[in-house]
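structure.cif follows; it contains mmCIF, N, CA and C atoms.
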```
data_final
loop_
_atom_site.label_atom_id
_atom_site.label_comp_id
_atom_site.auth_asym_id
_atom_site.auth_seq_id
_atom_site.Cartn_x
_atom_site.Cartn_y
_atom_site.Cartn_z
N MET P 114 -230.07 68.13 90.31
CA MET P 114 -231.23 68.48 89.51
C MET P 114 -231.94 69.64 90.18
N ASP P 115 -232.25 70.68 89.42
CA ASP P 115 -232.93 71.87 89.94
C ASP P 115 -234.43 71.63 89.93
N ARG P 116 -235.01 71.52 91.11
CA ARG P 116 -236.45 71.24 91.20
C ARG P 116 -237.31 72.44 90.85
N ASN P 117 -236.73 73.63 90.83
CA ASN P 117 -237.49 74.84 90.51
C ASN P 117 -237.55 75.10 89.00
N ARG P 118 -236.76 74.36 88.27
CA ARG P 118 -236.74 74.56 86.83
C ARG P 118 -238.03 74.04 86.22
N THR P 119 -238.60 74.82 85.32
CA THR P 119 -239.83 74.39 84.66
C THR P 119 -239.50 73.86 83.27
N VAL P 120 -240.22 72.87 82.91
CA VAL P 120 -240.05 72.28 81.58
C VAL P 120 -241.06 72.95 80.66
N PRO P 121 -240.61 73.51 79.54
CA PRO P 121 -241.56 74.18 78.64
C PRO P 121 -242.59 73.18 78.11
N GLU P 122 -243.81 73.67 77.99
CA GLU P 122 -244.87 72.81 77.45
C GLU P 122 -244.60 72.55 75.97
N ALA P 123 -244.93 71.36 75.55
CA ALA P 123 -244.76 71.03 74.14
C ALA P 123 -245.78 71.82 73.32
N GLU P 124 -245.32 72.29 72.18
CA GLU P 124 -246.24 73.01 71.30
C GLU P 124 -247.22 72.03 70.69
N ALA P 125 -248.44 72.49 70.53
CA ALA P 125 -249.44 71.65 69.88
C ALA P 125 -249.06 71.48 68.42
N PRO P 126 -249.21 70.28 67.90
CA PRO P 126 -248.89 70.08 66.49
C PRO P 126 -249.84 70.89 65.62
N PRO P 127 -249.36 71.43 64.50
CA PRO P 127 -250.23 72.22 63.65
C PRO P 127 -251.31 71.36 63.01
N ASP P 128 -252.44 71.98 62.73
CA ASP P 128 -253.53 71.29 62.06
C ASP P 128 -253.14 71.08 60.60
N ALA P 129 -253.20 69.86 60.13
CA ALA P 129 -252.77 69.54 58.77
C ALA P 129 -253.54 70.32 57.71
N ASP P 130 -254.78 70.68 58.00
CA ASP P 130 -255.58 71.40 57.01
C ASP P 130 -255.21 72.88 56.91
N THR P 131 -254.47 73.40 57.87
CA THR P 131 -254.13 74.82 57.84
C THR P 131 -252.67 75.06 57.44
N LEU P 132 -251.90 74.02 57.24
CA LEU P 132 -250.52 74.19 56.82
C LEU P 132 -250.46 74.71 55.39
N THR P 133 -249.62 75.70 55.17
CA THR P 133 -249.45 76.25 53.83
C THR P 133 -248.23 75.61 53.17
N VAL P 134 -248.06 75.91 51.89
CA VAL P 134 -246.89 75.41 51.16
C VAL P 134 -245.62 75.92 51.84
N ALA P 135 -245.63 77.18 52.27
CA ALA P 135 -244.46 77.75 52.95
C ALA P 135 -244.18 77.00 54.25
N ASP P 136 -245.25 76.68 55.00
CA ASP P 136 -245.08 75.93 56.25
C ASP P 136 -244.42 74.58 55.98
N LEU P 137 -244.92 73.89 54.96
CA LEU P 137 -244.38 72.57 54.64
C LEU P 137 -242.92 72.68 54.20
N SER P 138 -242.61 73.71 53.43
CA SER P 138 -241.22 73.91 53.00
C SER P 138 -240.32 74.17 54.19
N GLN P 139 -240.80 74.98 55.14
CA GLN P 139 -240.01 75.26 56.35
C GLN P 139 -239.82 74.00 57.19
N LEU P 140 -240.77 73.08 57.11
CA LEU P 140 -240.66 71.83 57.86
C LEU P 140 -239.75 70.82 57.18
N GLY P 141 -239.24 71.19 55.98
CA GLY P 141 -238.28 70.34 55.31
C GLY P 141 -238.83 69.47 54.19
N PHE P 142 -240.09 69.68 53.81
CA PHE P 142 -240.66 68.90 52.71
C PHE P 142 -240.13 69.43 51.39
N THR P 143 -239.86 68.52 50.46
CA THR P 143 -239.42 68.91 49.12
C THR P 143 -240.62 69.40 48.32
N ALA P 144 -240.35 70.06 47.20
CA ALA P 144 -241.42 70.57 46.33
C ALA P 144 -242.30 69.41 45.85
N GLU P 145 -241.67 68.27 45.55
CA GLU P 145 -242.42 67.09 45.10
C GLU P 145 -243.33 66.57 46.21
N GLU P 146 -242.82 66.52 47.43
CA GLU P 146 -243.63 66.05 48.56
C GLU P 146 -244.79 67.01 48.85
N VAL P 147 -244.53 68.31 48.74
CA VAL P 147 -245.59 69.31 48.95
C VAL P 147 -246.68 69.13 47.91
N ALA P 148 -246.30 68.93 46.65
CA ALA P 148 -247.28 68.73 45.58
C ALA P 148 -248.11 67.48 45.85
N HIS P 149 -247.46 66.41 46.29
CA HIS P 149 -248.18 65.16 46.59
C HIS P 149 -249.16 65.37 47.75
N LEU P 150 -248.71 66.04 48.80
CA LEU P 150 -249.58 66.30 49.95
C LEU P 150 -250.78 67.17 49.56
N SER P 151 -250.55 68.13 48.67
CA SER P 151 -251.65 68.99 48.20
C SER P 151 -252.68 68.17 47.44
N THR P 152 -252.21 67.24 46.62
CA THR P 152 -253.11 66.37 45.87
C THR P 152 -253.92 65.49 46.81
N VAL P 153 -253.27 64.94 47.81
CA VAL P 153 -253.96 64.09 48.80
C VAL P 153 -255.01 64.91 49.54
N ARG P 154 -254.66 66.13 49.93
CA ARG P 154 -255.60 67.00 50.66
C ARG P 154 -256.83 67.30 49.79
N GLN P 155 -256.61 67.63 48.52
CA GLN P 155 -257.73 67.93 47.62
C GLN P 155 -258.61 66.70 47.42
N SER P 156 -257.98 65.55 47.27
CA SER P 156 -258.73 64.30 47.09
C SER P 156 -259.58 64.01 48.31
N ARG P 157 -259.02 64.18 49.49
CA ARG P 157 -259.77 63.95 50.73
C ARG P 157 -260.95 64.90 50.85
N HIS P 158 -260.72 66.15 50.50
CA HIS P 158 -261.78 67.16 50.58
C HIS P 158 -262.93 66.79 49.63
N ARG P 159 -262.59 66.38 48.40
CA ARG P 159 -263.63 65.97 47.44
C ARG P 159 -264.41 64.77 47.97
N ARG P 160 -263.72 63.82 48.55
CA ARG P 160 -264.37 62.61 49.08
C ARG P 160 -265.32 62.99 50.21
N GLU P 161 -264.91 63.92 51.07
CA GLU P 161 -265.78 64.37 52.16
C GLU P 161 -267.02 65.06 51.61
N LEU P 162 -266.86 65.87 50.56
CA LEU P 162 -268.02 66.53 49.95
C LEU P 162 -268.96 65.51 49.33
N ASP P 163 -268.40 64.50 48.66
CA ASP P 163 -269.22 63.46 48.06
C ASP P 163 -270.01 62.72 49.13
N LEU P 164 -269.36 62.39 50.23
CA LEU P 164 -270.04 61.68 51.31
C LEU P 164 -271.16 62.51 51.90
N SER P 165 -270.90 63.80 52.11
CA SER P 165 -271.94 64.63 52.70
C SER P 165 -273.10 64.77 51.73
N SER P 166 -272.82 64.80 50.44
CA SER P 166 -273.88 64.88 49.43
C SER P 166 -274.73 63.62 49.45
N ILE P 167 -274.08 62.47 49.56
CA ILE P 167 -274.80 61.19 49.62
C ILE P 167 -275.66 61.14 50.87
N GLU P 168 -275.11 61.59 51.99
CA GLU P 168 -275.87 61.59 53.24
C GLU P 168 -277.11 62.48 53.14
N VAL P 169 -276.95 63.64 52.51
CA VAL P 169 -278.09 64.56 52.34
C VAL P 169 -279.15 63.90 51.47
N GLN P 170 -278.73 63.24 50.39
CA GLN P 170 -279.69 62.57 49.51
C GLN P 170 -280.43 61.46 50.26
N ARG P 171 -279.73 60.72 51.08
CA ARG P 171 -280.38 59.66 51.86
C ARG P 171 -281.40 60.23 52.84
N LEU P 172 -281.05 61.33 53.49
CA LEU P 172 -281.98 61.97 54.42
C LEU P 172 -283.21 62.52 53.69
N GLN P 173 -282.99 63.10 52.51
CA GLN P 173 -284.12 63.61 51.73
C GLN P 173 -285.04 62.46 51.33
N PHE P 174 -284.47 61.34 50.93
CA PHE P 174 -285.27 60.18 50.55
C PHE P 174 -286.04 59.65 51.76
N LEU P 175 -285.39 59.59 52.91
CA LEU P 175 -286.06 59.13 54.12
C LEU P 175 -287.22 60.05 54.50
N ARG P 176 -287.00 61.35 54.37
CA ARG P 176 -288.10 62.30 54.65
C ARG P 176 -289.27 62.07 53.69
N TRP P 177 -288.96 61.80 52.43
CA TRP P 177 -290.00 61.53 51.44
C TRP P 177 -290.77 60.27 51.83
N LEU P 178 -290.04 59.22 52.24
CA LEU P 178 -290.70 57.98 52.67
C LEU P 178 -291.63 58.24 53.85
N ILE P 179 -291.19 59.07 54.78
CA ILE P 179 -292.02 59.39 55.95
C ILE P 179 -293.27 60.15 55.52
N ARG P 180 -293.11 61.14 54.63
CA ARG P 180 -294.26 61.91 54.16
C ARG P 180 -295.26 61.03 53.42
N GLN P 181 -294.76 60.01 52.73
CA GLN P 181 -295.62 59.10 51.98
C GLN P 181 -296.27 58.06 52.88
N GLY P 182 -295.85 58.02 54.13
CA GLY P 182 -296.40 57.04 55.06
C GLY P 182 -295.84 55.65 54.87
N ARG P 183 -294.75 55.53 54.17
CA ARG P 183 -294.14 54.21 53.91
C ARG P 183 -293.22 53.78 55.05
N VAL P 184 -292.76 54.75 55.82
CA VAL P 184 -291.90 54.46 56.96
C VAL P 184 -292.39 55.33 58.11
N GLY P 185 -292.53 54.70 59.29
CA GLY P 185 -292.92 55.47 60.46
C GLY P 185 -291.76 56.31 60.93
N GLU P 186 -292.05 57.45 61.50
CA GLU P 186 -290.99 58.37 61.92
C GLU P 186 -290.09 57.75 62.98
N TYR P 187 -290.65 56.90 63.84
CA TYR P 187 -289.86 56.30 64.91
C TYR P 187 -289.78 54.79 64.77
N GLU P 188 -289.91 54.29 63.58
CA GLU P 188 -289.87 52.85 63.33
C GLU P 188 -288.45 52.34 63.56
N THR P 189 -288.32 51.24 64.27
CA THR P 189 -286.99 50.71 64.58
C THR P 189 -286.59 49.54 63.71
N SER P 190 -287.52 48.93 63.01
CA SER P 190 -287.13 47.78 62.19
C SER P 190 -287.40 48.01 60.74
#
```
For the structure just supplied, provide its representation as structure tokens.
Amino acid sequence: MDRNRTVPEAEAPPDADTLTVADLSQLGFTAEEVAHLSTVRQSRHRRELDLSSIEVQRLQFLRWLIRQGRVGEYETS
């Protein structure tokens, strides 16, 4: 065994959000699989937007409650 030989570092896996259709095709995915993955990606993105919208609405409501004096700014219960 050659102790001076270096082992190449493993490449970092690509970020799933940046893979293109061409990338997926090169990785061996069929056109049907690529279409399914695209649908899943879009669905996930919509769900994330919905969640962030709900969170913003909750924060706006909490700010309103604080301004109305119904909830203390540092109330724990």
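Between atom N of Val153 in chain P and atom C of Arg171 in chain P the separation is 29.0 Å.
Taking CA of Arg183 in chain P and atom C of Asp163 in chain P as endpoints, the distance between them is 26.0 Å.
Rounded to one decimal, atom C of Leu132 in chain P and CA of Ser156 in chain P lie 15.7 Å from each other.
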Enclose the full set of atoms of range 142-158 of chain P listed in the file within a box whose edges lie along x, y and z, apply 8 Å of padding to each of the six sides, and report centre and edge lengths in Å to one decimal as lines of an AutoDock Vina configuration file.
```
center_x = -251.2
center_y = 67.3
center_z = 49.5
size_x = 39.5
size_y = 22.6
size_z = 24.7
```
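Using only C-alpha atoms, the nearest neighbour of Thr133 in chain P within the list P:Val147, P:Leu164, P:Val169, P:Ile179 is P:Val147.
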